[in-house]
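Here is the file target27.cif (mmCIF, C-alpha atoms).
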```cif
data_input
loop_
_atom_site.group_PDB
_atom_site.id
_atom_site.type_symbol
_atom_site.label_atom_id
_atom_site.label_comp_id
_atom_site.auth_asym_id
_atom_site.auth_seq_id
_atom_site.Cartn_x
_atom_site.Cartn_y
_atom_site.Cartn_z
ATOM 1 C CA MET A 7 152.922 49.569 48.691
ATOM 2 C CA ALA A 8 156.249 49.303 46.870
ATOM 3 C CA PHE A 9 154.746 50.928 43.781
ATOM 4 C CA HIS A 10 153.256 53.712 45.911
ATOM 5 C CA ALA A 11 156.623 54.354 47.583
ATOM 6 C CA LEU A 12 158.346 54.556 44.184
ATOM 7 C CA HIS A 13 155.641 56.860 42.880
ATOM 8 C CA GLY A 14 156.210 59.113 45.906
ATOM 9 C CA LEU A 15 159.937 59.141 45.143
ATOM 10 C CA LEU A 16 159.282 60.254 41.566
ATOM 11 C CA VAL A 17 156.956 63.023 42.745
ATOM 12 C CA VAL A 18 159.602 64.234 45.200
ATOM 13 C CA LEU A 19 162.369 64.239 42.603
ATOM 14 C CA LEU A 20 160.416 65.638 39.644
ATOM 15 C CA ARG A 21 157.569 67.781 40.992
ATOM 16 C CA PHE A 22 158.467 69.003 44.484
ATOM 17 C CA PRO A 23 160.932 71.655 43.262
ATOM 18 C CA ARG A 24 158.056 73.391 41.440
ATOM 19 C CA LEU A 25 155.576 73.270 44.329
ATOM 20 C CA THR A 26 155.018 75.798 47.100
ATOM 21 C CA GLN A 27 155.564 74.731 50.699
ATOM 22 C CA GLU A 28 151.798 74.442 51.252
ATOM 23 C CA GLN A 29 151.423 72.299 48.127
ATOM 24 C CA GLN A 30 154.283 70.046 49.253
ATOM 25 C CA GLN A 31 152.672 69.556 52.655
ATOM 26 C CA ALA A 32 149.326 68.713 51.047
ATOM 27 C CA ARG A 33 151.070 66.173 48.816
ATOM 28 C CA VAL A 34 152.773 64.552 51.815
ATOM 29 C CA GLN A 35 149.459 64.219 53.657
ATOM 30 C CA ALA A 36 147.679 62.788 50.599
ATOM 31 C CA TRP A 37 150.551 60.340 49.977
ATOM 32 C CA ALA A 38 150.425 59.158 53.598
ATOM 33 C CA LEU A 39 146.651 58.578 53.423
ATOM 34 C CA GLN A 40 147.085 56.490 50.282
ATOM 35 C CA MET A 41 149.921 54.523 51.893
ATOM 36 C CA LEU A 42 147.596 53.535 54.739
ATOM 37 C CA ALA A 43 144.980 52.483 52.202
ATOM 38 C CA CYS A 44 147.577 50.331 50.415
ATOM 39 C CA ALA A 45 148.307 48.617 53.745
ATOM 40 C CA GLY A 46 144.609 48.031 54.430
ATOM 41 C CA ILE A 47 144.569 50.475 57.330
ATOM 42 C CA THR A 48 141.734 52.884 58.154
ATOM 43 C CA LEU A 49 142.511 56.165 59.908
ATOM 44 C CA GLU A 50 140.431 57.263 62.913
ATOM 45 C CA VAL A 51 141.107 60.683 64.444
ATOM 46 C CA ARG A 52 139.927 61.543 67.932
ATOM 47 C CA GLY A 53 140.260 64.964 69.498
ATOM 48 C CA THR A 54 141.317 67.970 67.452
ATOM 49 C CA PRO A 55 144.725 68.430 65.828
ATOM 50 C CA VAL A 56 146.057 71.967 65.815
ATOM 51 C CA LEU A 57 145.116 74.090 62.823
ATOM 52 C CA ARG A 58 148.409 75.968 62.743
ATOM 53 C CA GLY A 59 151.723 76.270 64.569
ATOM 54 C CA PRO A 60 153.754 76.874 66.495
ATOM 55 C CA VAL A 61 153.206 73.607 68.342
ATOM 56 C CA LEU A 62 155.242 70.570 69.325
ATOM 57 C CA MET A 63 153.375 67.261 69.220
ATOM 58 C CA VAL A 64 154.625 64.431 71.466
ATOM 59 C CA ALA A 65 153.460 60.877 70.751
ATOM 60 C CA ASN A 66 154.157 57.289 71.704
ATOM 61 C CA HIS A 67 156.170 55.234 69.206
ATOM 62 C CA LEU A 68 155.009 51.792 68.080
ATOM 63 C CA SER A 69 155.840 51.161 64.471
ATOM 64 C CA TRP A 70 157.297 52.191 61.138
ATOM 65 C CA LEU A 71 153.689 53.194 60.397
ATOM 66 C CA ASP A 72 153.589 55.948 63.043
ATOM 67 C CA ILE A 73 155.017 58.616 60.754
ATOM 68 C CA PRO A 74 152.630 58.038 57.811
ATOM 69 C CA VAL A 75 149.748 57.744 60.290
ATOM 70 C CA LEU A 76 150.529 61.124 61.863
ATOM 71 C CA HIS A 77 151.204 62.698 58.457
ATOM 72 C CA ALA A 78 147.834 61.404 57.248
ATOM 73 C CA ALA A 79 146.045 62.927 60.236
ATOM 74 C CA ARG A 80 147.842 66.280 60.139
ATOM 75 C CA TYR A 81 151.047 67.287 58.349
ATOM 76 C CA CYS A 82 153.975 67.895 60.701
ATOM 77 C CA ARG A 83 157.774 67.868 60.655
ATOM 78 C CA PHE A 84 159.360 64.950 62.507
ATOM 79 C CA ILE A 85 162.578 64.747 64.453
ATOM 80 C CA SER A 86 164.278 61.460 63.544
ATOM 81 C CA LYS A 87 167.568 59.657 64.085
ATOM 82 C CA SER A 88 170.161 60.655 61.508
ATOM 83 C CA ASP A 89 170.679 57.219 59.939
ATOM 84 C CA VAL A 90 167.130 57.342 58.487
ATOM 85 C CA ARG A 91 168.416 60.001 56.080
ATOM 86 C CA ASP A 92 170.625 57.387 54.366
ATOM 87 C CA TRP A 93 167.961 54.665 53.996
ATOM 88 C CA PRO A 94 167.138 53.946 50.329
ATOM 89 C CA ILE A 95 163.875 55.587 49.200
ATOM 90 C CA VAL A 96 162.702 56.069 52.817
ATOM 91 C CA GLY A 97 165.402 58.660 53.516
ATOM 92 C CA THR A 98 164.529 60.672 50.417
ATOM 93 C CA LEU A 99 160.821 60.596 51.279
ATOM 94 C CA ALA A 100 161.500 61.537 54.907
ATOM 95 C CA THR A 101 163.686 64.471 53.910
ATOM 96 C CA ALA A 102 161.062 65.684 51.433
ATOM 97 C CA GLY A 103 158.521 65.462 54.262
ATOM 98 C CA GLY A 104 160.518 68.041 56.216
ATOM 99 C CA THR A 105 162.226 65.697 58.694
ATOM 100 C CA LEU A 106 164.883 67.155 60.995
ATOM 101 C CA TYR A 107 167.710 64.734 61.801
ATOM 102 C CA ILE A 108 169.552 64.239 65.078
ATOM 103 C CA GLU A 109 172.573 62.205 66.172
ATOM 104 C CA ARG A 110 170.981 60.664 69.250
ATOM 105 C CA ALA A 111 174.286 59.662 70.848
ATOM 106 C CA SER A 112 175.740 63.179 70.656
ATOM 107 C CA ARG A 113 174.954 65.715 73.380
ATOM 108 C CA ARG A 114 176.300 68.490 71.187
ATOM 109 C CA ASP A 115 173.970 67.509 68.376
ATOM 110 C CA ALA A 116 171.049 67.450 70.821
ATOM 111 C CA LEU A 117 171.812 71.087 71.628
ATOM 112 C CA ARG A 118 171.944 71.880 67.906
ATOM 113 C CA MET A 119 168.597 70.156 67.395
ATOM 114 C CA VAL A 120 166.966 72.094 70.238
ATOM 115 C CA GLN A 121 168.059 75.300 68.493
ATOM 116 C CA SER A 122 166.804 74.070 65.101
ATOM 117 C CA MET A 123 163.461 73.136 66.635
ATOM 118 C CA HIS A 124 163.298 76.517 68.398
ATOM 119 C CA ASP A 125 163.858 78.270 65.060
ATOM 120 C CA ALA A 126 161.180 76.163 63.343
ATOM 121 C CA LEU A 127 158.680 76.878 66.115
ATOM 122 C CA GLU A 128 159.446 80.588 65.857
ATOM 123 C CA GLN A 129 158.462 80.249 62.197
ATOM 124 C CA ARG A 130 155.099 78.838 63.388
ATOM 125 C CA GLU A 131 155.701 75.283 62.218
ATOM 126 C CA VAL A 132 154.183 72.081 63.625
ATOM 127 C CA LEU A 133 156.831 69.622 64.851
ATOM 128 C CA ALA A 134 156.461 66.082 66.162
ATOM 129 C CA VAL A 135 158.723 63.984 68.392
ATOM 130 C CA PHE A 136 158.646 60.503 69.901
ATOM 131 C CA PRO A 137 160.103 61.157 73.373
ATOM 132 C CA GLU A 138 160.550 57.435 74.066
ATOM 133 C CA GLY A 139 163.431 57.617 71.590
ATOM 134 C CA THR A 140 162.660 54.167 70.166
ATOM 135 C CA THR A 141 159.703 51.955 69.354
ATOM 136 C CA GLY A 142 158.034 49.984 72.141
ATOM 137 C CA ASP A 143 155.807 46.931 71.939
ATOM 138 C CA GLY A 144 152.702 48.979 72.714
ATOM 139 C CA ARG A 145 151.954 47.271 76.003
ATOM 140 C CA GLU A 146 153.848 49.670 78.258
ATOM 141 C CA LEU A 147 154.899 53.243 77.530
ATOM 142 C CA LEU A 148 158.674 53.673 77.790
ATOM 143 C CA PRO A 149 160.139 56.593 79.804
ATOM 144 C CA PHE A 150 160.271 59.947 78.014
ATOM 145 C CA HIS A 151 163.499 61.804 77.266
ATOM 146 C CA ALA A 152 163.001 65.431 78.254
ATOM 147 C CA ASN A 153 165.785 67.230 76.340
ATOM 148 C CA LEU A 154 163.877 68.185 73.182
ATOM 149 C CA LEU A 155 161.033 69.721 75.228
ATOM 150 C CA GLN A 156 163.420 72.587 75.904
ATOM 151 C CA ALA A 157 162.744 73.835 72.369
ATOM 152 C CA ALA A 158 159.044 74.375 73.171
ATOM 153 C CA ILE A 159 159.907 76.065 76.476
ATOM 154 C CA SER A 160 162.457 78.442 74.942
ATOM 155 C CA ALA A 161 160.149 79.253 71.999
ATOM 156 C CA GLN A 162 157.118 79.505 74.320
ATOM 157 C CA ALA A 163 155.262 77.136 72.018
ATOM 158 C CA PRO A 164 152.485 74.847 73.294
ATOM 159 C CA VAL A 165 152.789 71.058 73.290
ATOM 160 C CA GLN A 166 150.034 68.725 72.141
ATOM 161 C CA PRO A 167 150.133 65.159 73.538
ATOM 162 C CA VAL A 168 149.078 62.463 71.069
ATOM 163 C CA GLY A 169 148.235 58.809 71.698
ATOM 164 C CA LEU A 170 148.605 56.192 68.955
ATOM 165 C CA ARG A 171 147.305 52.654 68.781
ATOM 166 C CA PHE A 172 146.308 50.056 66.207
ATOM 167 C CA VAL A 173 143.026 48.173 66.540
ATOM 168 C CA ASP A 174 141.779 45.002 64.881
ATOM 169 C CA LYS A 175 138.830 46.251 62.821
ATOM 170 C CA ARG A 176 136.865 43.022 63.278
ATOM 171 C CA SER A 177 137.298 42.360 66.996
ATOM 172 C CA GLY A 178 137.887 45.889 68.272
ATOM 173 C CA GLU A 179 140.900 44.607 70.234
ATOM 174 C CA ILE A 180 144.311 46.291 70.235
ATOM 175 C CA SER A 181 146.582 44.844 67.543
ATOM 176 C CA TYR A 182 150.338 44.516 67.926
ATOM 177 C CA ALA A 183 150.839 43.386 64.324
ATOM 178 C CA PRO A 184 152.507 46.664 63.179
ATOM 179 C CA SER A 185 155.006 46.721 66.080
ATOM 180 C CA TYR A 186 158.657 47.095 65.121
ATOM 181 C CA ILE A 187 161.002 46.401 68.030
ATOM 182 C CA GLY A 188 164.289 44.800 68.994
ATOM 183 C CA ASP A 189 166.161 42.909 66.286
ATOM 184 C CA GLU A 190 163.115 42.520 64.057
ATOM 185 C CA THR A 191 163.601 43.430 60.412
ATOM 186 C CA LEU A 192 161.522 46.136 58.764
ATOM 187 C CA LEU A 193 160.455 43.658 56.076
ATOM 188 C CA GLY A 194 159.235 41.217 58.732
ATOM 189 C CA SER A 195 157.173 43.923 60.425
ATOM 190 C CA ILE A 196 155.678 45.036 57.113
ATOM 191 C CA TRP A 197 154.809 41.442 56.192
ATOM 192 C CA ARG A 198 153.105 40.817 59.547
ATOM 193 C CA THR A 199 151.117 44.044 59.164
ATOM 194 C CA LEU A 200 149.918 43.127 55.678
ATOM 195 C CA ALA A 201 149.045 39.582 56.782
ATOM 196 C CA ALA A 202 146.960 40.816 59.734
ATOM 197 C CA PRO A 203 143.175 41.370 59.607
ATOM 198 C CA PRO A 204 142.122 44.909 58.572
ATOM 199 C CA LEU A 205 143.426 47.479 61.046
ATOM 200 C CA VAL A 206 142.336 50.878 62.313
ATOM 201 C CA ALA A 207 145.034 53.409 63.206
ATOM 202 C CA VAL A 208 143.647 55.523 66.059
ATOM 203 C CA VAL A 209 145.221 58.955 66.560
ATOM 204 C CA HIS A 210 143.971 60.624 69.745
ATOM 205 C CA TYR A 211 144.882 64.310 70.116
ATOM 206 C CA GLY A 212 144.881 65.826 73.594
ATOM 207 C CA ALA A 213 144.475 69.407 74.742
ATOM 208 C CA LEU A 214 147.319 71.866 74.213
ATOM 209 C CA GLU A 215 149.714 72.250 77.143
ATOM 210 C CA SER A 216 151.195 75.664 77.877
ATOM 211 C CA PRO A 217 155.004 75.919 78.246
ATOM 212 C CA GLU A 218 154.767 78.851 80.663
ATOM 213 C CA GLY A 219 156.636 78.184 83.886
ATOM 214 C CA GLN A 220 157.416 74.574 82.909
ATOM 215 C CA ASP A 221 160.498 72.598 83.910
ATOM 216 C CA ARG A 222 161.277 70.158 81.122
ATOM 217 C CA ARG A 223 161.783 67.111 83.352
ATOM 218 C CA THR A 224 158.635 67.652 85.381
ATOM 219 C CA TRP A 225 156.721 68.480 82.217
ATOM 220 C CA SER A 226 158.057 65.335 80.546
ATOM 221 C CA GLN A 227 156.625 63.189 83.354
ATOM 222 C CA HIS A 228 153.262 64.942 83.083
ATOM 223 C CA LEU A 229 153.182 64.506 79.289
ATOM 224 C CA HIS A 230 154.093 60.841 79.699
ATOM 225 C CA ALA A 231 150.971 60.355 81.809
ATOM 226 C CA ARG A 232 148.809 62.246 79.302
ATOM 227 C CA VAL A 233 150.083 60.288 76.275
ATOM 228 C CA ASP A 234 149.605 57.038 78.216
ATOM 229 C CA GLU A 235 145.989 58.006 78.878
ATOM 230 C CA LEU A 236 145.327 59.055 75.286
ATOM 231 C CA ARG A 237 146.748 55.888 73.757
ATOM 232 C CA ARG A 238 144.387 53.788 75.878
ATOM 233 C CA ASN A 239 141.181 55.774 75.209
#
```

Represent the structure contained in this file as structure tokens.
Amino acid sequence: MAFHALHGLLVVLLRFPRLTQEQQQARVQAWALQMLACAGITLEVRGTPVLRGPVLMVANHLSWLDIPVLHAARYCRFISKSDVRDWPIVGTLATAGGTLYIERASRRDALRMVQSMHDALEQREVLAVFPEGTTGDGRELLPFHANLLQAAISAQAPVQPVGLRFVDKRSGEISYAPSYIGDETLLGSIWRTLAAPPLVAVVHYGALESPEGQDRRTWSQHLHARVDELRRN
């Protein structure tokens, strides 16, 4: 996995400047698929991801693996907390993957991000957010923050709910090995994931939801229920 991450860094630094946007996106998706293979994880896609934007995907958040899992299933641009940008290697890879960064504690920056997301959706891009705002343990879905849904409403872009879960390939039971919560270190979560039996990452795409006539708070509650259903089925 470490070698694969370093190889991705070299590709980003040396080859990305010469690639088209479509080629870069294809590289990101291929890299993410190989990363899952390095971790002994099989990808299973249920439902149908969108073929093209504009669309905003909303998903539950379990693990450091969620981003490569979603990239492997369908390339998208993530909205992430700003400190990820400064993480060694990870920040460079995330930025190359098209990540948009937000200062979560700043209301002003949230307004800026809504405008940036609106502009990206107007350019027919596919964005992805984790409305819980942090990783949960996978047992209960945390409340959704509604603010970033305003970008889909103002751009009149549909939202696609997505449910994520990890399953023990041998027993078929839900696995919490990849969880990354509380004061746990990233290295500890990675080690537990690699030490676990073979896993299946299940990505369940729901039907598109129209933004027409939606109130973001009411819509957030509805999407919470849909994501909760998708992650269980």

### Task
Enumerate, as a count of residues only, the residues matched when the PyMOL selection byres ((chain A and resi 149-154) around 6) is run on the file above.
10

## Note on the structure
In terms of only C-alpha atoms, the residue from A:Arg238, A:Arg145, A:His210, A:Lys175 at minimal distance from Ile47 (chain A) is A:Lys175

### Task
Step by step, work through what the PyMOL selection byres ((chain A and resi 43) around 12) selects in the shown file, and finish by giving those residues as a ChimeraX atom specification.
/A:7,10,36-42,44-49,71,74-75,78,200,204-207

For those residues, write C-alpha atoms to a file as a PDB file, keeping the file's coordinate frame.
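Contents of part30.pdb, as written:
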```
ATOM      1  CA  MET A   7     152.922  49.569  48.691  1.00  0.00           C
ATOM      2  CA  HIS A  10     153.256  53.712  45.911  1.00  0.00           C
ATOM      3  CA  ALA A  36     147.679  62.788  50.599  1.00  0.00           C
ATOM      4  CA  TRP A  37     150.551  60.340  49.977  1.00  0.00           C
ATOM      5  CA  ALA A  38     150.425  59.158  53.598  1.00  0.00           C
ATOM      6  CA  LEU A  39     146.651  58.578  53.423  1.00  0.00           C
ATOM      7  CA  GLN A  40     147.085  56.490  50.282  1.00  0.00           C
ATOM      8  CA  MET A  41     149.921  54.523  51.893  1.00  0.00           C
ATOM      9  CA  LEU A  42     147.596  53.535  54.739  1.00  0.00           C
ATOM     10  CA  CYS A  44     147.577  50.331  50.415  1.00  0.00           C
ATOM     11  CA  ALA A  45     148.307  48.617  53.745  1.00  0.00           C
ATOM     12  CA  GLY A  46     144.609  48.031  54.430  1.00  0.00           C
ATOM     13  CA  ILE A  47     144.569  50.475  57.330  1.00  0.00           C
ATOM     14  CA  THR A  48     141.734  52.884  58.154  1.00  0.00           C
ATOM     15  CA  LEU A  49     142.511  56.165  59.908  1.00  0.00           C
ATOM     16  CA  LEU A  71     153.689  53.194  60.397  1.00  0.00           C
ATOM     17  CA  PRO A  74     152.630  58.038  57.811  1.00  0.00           C
ATOM     18  CA  VAL A  75     149.748  57.744  60.290  1.00  0.00           C
ATOM     19  CA  ALA A  78     147.834  61.404  57.248  1.00  0.00           C
ATOM     20  CA  LEU A 200     149.918  43.127  55.678  1.00  0.00           C
ATOM     21  CA  PRO A 204     142.122  44.909  58.572  1.00  0.00           C
ATOM     22  CA  LEU A 205     143.426  47.479  61.046  1.00  0.00           C
ATOM     23  CA  VAL A 206     142.336  50.878  62.313  1.00  0.00           C
ATOM     24  CA  ALA A 207     145.034  53.409  63.206  1.00  0.00           C
TER      25      ALA A 207
END
```

### Task
To one decimal in Å, tell me the separation between CA of Ala183 (chain A) and CA of Val135 (chain A).
22.4 Å

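Considering all atoms listed in the file, the residue among A:Leu68, A:Val61, A:Val34, A:Val132 positioned nearest to Leu214 (chain A) is A:Val61.
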
### Message
For a quick check of your reading of the model, name the residues lying within 8 Å of the coordinate (164.4, 48.4, 68.4), counting all atoms listed in the file, and write them as a list in words.
### Response
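Residues satisfying the cut-off, written out: Thr140, Thr141, Gly142, Tyr186, Ile187, Gly188, Asp189 and Glu190 of chain A.
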
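CA of Ser177 (chain A) is found 9.5 Å from CA of Pro203 (chain A).
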
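Minimum atom-to-atom distance to Ile180 (chain A), evaluated using all atoms listed in the file, belongs to A:Asn239 out of A:Glu131, A:Asn239, A:Arg232, A:Leu15.
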
### Residue nearest Leu62 (chain A) - candidates A:Pro217, A:Gly194, A:Gly139, A:Gly103, atoms counted: only C-alpha atoms
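When distances to Leu62 (chain A) are compared using only C-alpha atoms, the smallest one comes from A:Pro217.
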
### Query
Which neighbours of Ser185 (chain A) fall inside 10 Å, counting all atoms listed in the file, when residues of the same chain fewer than 6 positions from it are skipped, and could you give them as an NGL selection string?
:A and (67-72 or 141-144 or 172 or 192 or 195-196 or 198-199)

### Task
Check what the PyMOL selection byres ((chain A and resi 108) around 12) selects in the file above and give those residues as a count of residues only.
29

#### Entry: Residues near Ala65 (chain A), cut-off 9 Å, only C-alpha atoms, skip fewer than 6 positions along chain, as a list in words
Ala134, Val135, Phe136, Pro137, Glu138, Gln166, Pro167, Val168, Gly169, Leu170, His230, Val233 and Arg237 of chain A

### Query
Around (156.6, 79.6, 73.0) in the file's frame, which residues reach within 8 Å when counting all atoms listed in the file? Return as a ChimeraX atom specification?
/A:60,127-128,158-164,217-218
